[in-house]
Amino acid sequence: MHLTAVRTKDTAARGQDTAAPAGRTGMRDANGMAVASFVLGLLGLLVLNVVLGPIAIVLAAVALWRGTSRRGRALLGLGLGVADLVLLVTFMQLDHTVSWSF
């Protein structure tokens, strides 16, 4: 029982010393958004491009606006999101329908 109390105090002390500064978490969020926009834009080329394309565009724009250090990945996510929508419109025109399928 005594060891648990000491471990809890030690863990609490370490948690206060290793807390991330407020500015750094914002950068980490922006980097995560850049990666998420890239992944969703890439996935949107295959499935659900009407949903994933706009989400990829918004995430990339927010990541760029927040000043991500992964600028290239955010730009790729933006381009893939736009490509998702262009692909959707192209297939809709070819099929003469509101949706497309293989």
# chains A, B, ... in the order shown; residues from 1 in each chain; ligands from 1

$ closest_atom_pairs --of "stretch 23-47 of chain A" --to "stretch 64-72 of chain A" --cutoff "7 Å" --atoms "only C-alpha atoms" --output "JSON lines"
{"residue": "A:Met27", "atom": "CA", "partner": "A:Thr68", "partner_atom": "CA", "distance": 6.2}
{"residue": "A:Ala30", "atom": "CA", "partner": "A:Thr68", "partner_atom": "CA", "distance": 5.1}
{"residue": "A:Asn31", "atom": "CA", "partner": "A:Thr68", "partner_atom": "CA", "distance": 5.3}
{"residue": "A:Ala34", "atom": "CA", "partner": "A:Arg70", "partner_atom": "CA", "distance": 6.5}

$ write_last_selection --atoms "N, CA, C and O atoms" --output "compact mmCIF listing (two decimals), in the first residue's frame"
# COMPACT_ATOMS: atom_id res chain seq x y z
N MET A 27 0.28 22.82 -32.88
CA MET A 27 1.07 22.39 -34.03
C MET A 27 0.86 20.90 -34.28
O MET A 27 0.74 20.47 -35.43
N ALA A 30 -2.40 20.46 -36.00
CA ALA A 30 -2.31 20.85 -37.41
C ALA A 30 -1.61 19.77 -38.22
O ALA A 30 -2.01 19.48 -39.35
N ASN A 31 -0.56 19.17 -37.65
CA ASN A 31 0.13 18.09 -38.35
C ASN A 31 -0.79 16.88 -38.52
O ASN A 31 -0.80 16.24 -39.57
N ALA A 34 -3.17 17.54 -41.33
CA ALA A 34 -2.52 17.41 -42.63
C ALA A 34 -2.45 15.94 -43.05
O ALA A 34 -2.76 15.60 -44.19

$ residues_around --residues "A:Ala56" --least-positions-apart "6" --cutoff "8 Å" --atoms "only C-alpha atoms" --output "ChimeraX atom specification"
/A:36-38,40-41,77-78,80-81

$ write_last_selection --atoms "C-alpha atoms" --output "PDB file, in the first residue's frame"
ATOM      1  CA  ALA A  36      -5.718  12.994 -42.056  1.00  0.00           C
ATOM      2  CA  SER A  37      -6.506  15.104 -45.123  1.00  0.00           C
ATOM      3  CA  PHE A  38      -3.956  13.149 -47.159  1.00  0.00           C
ATOM      4  CA  LEU A  40      -8.954  10.732 -46.504  1.00  0.00           C
ATOM      5  CA  GLY A  41      -8.227  12.237 -49.914  1.00  0.00           C
ATOM      6  CA  GLY A  77      -4.544  16.213 -49.195  1.00  0.00           C
ATOM      7  CA  LEU A  78      -6.015  19.357 -50.718  1.00  0.00           C
ATOM      8  CA  LEU A  80      -6.582  14.695 -53.593  1.00  0.00           C
ATOM      9  CA  GLY A  81      -9.777  16.149 -52.123  1.00  0.00           C
TER      10      GLY A  81
END

$ closest_residue --among "A:Asn49, A:Pro54, A:Val39, A:Leu87" --to "A:Ala74" --atoms "only C-alpha atoms"
A:Val39

$ residues_around --residues "A:Val86" --least-positions-apart "2" --cutoff "12 Å" --atoms "only C-alpha atoms" --output "ChimeraX atom specification"
/A:44-45,49-50,53-54,79-84,88-93
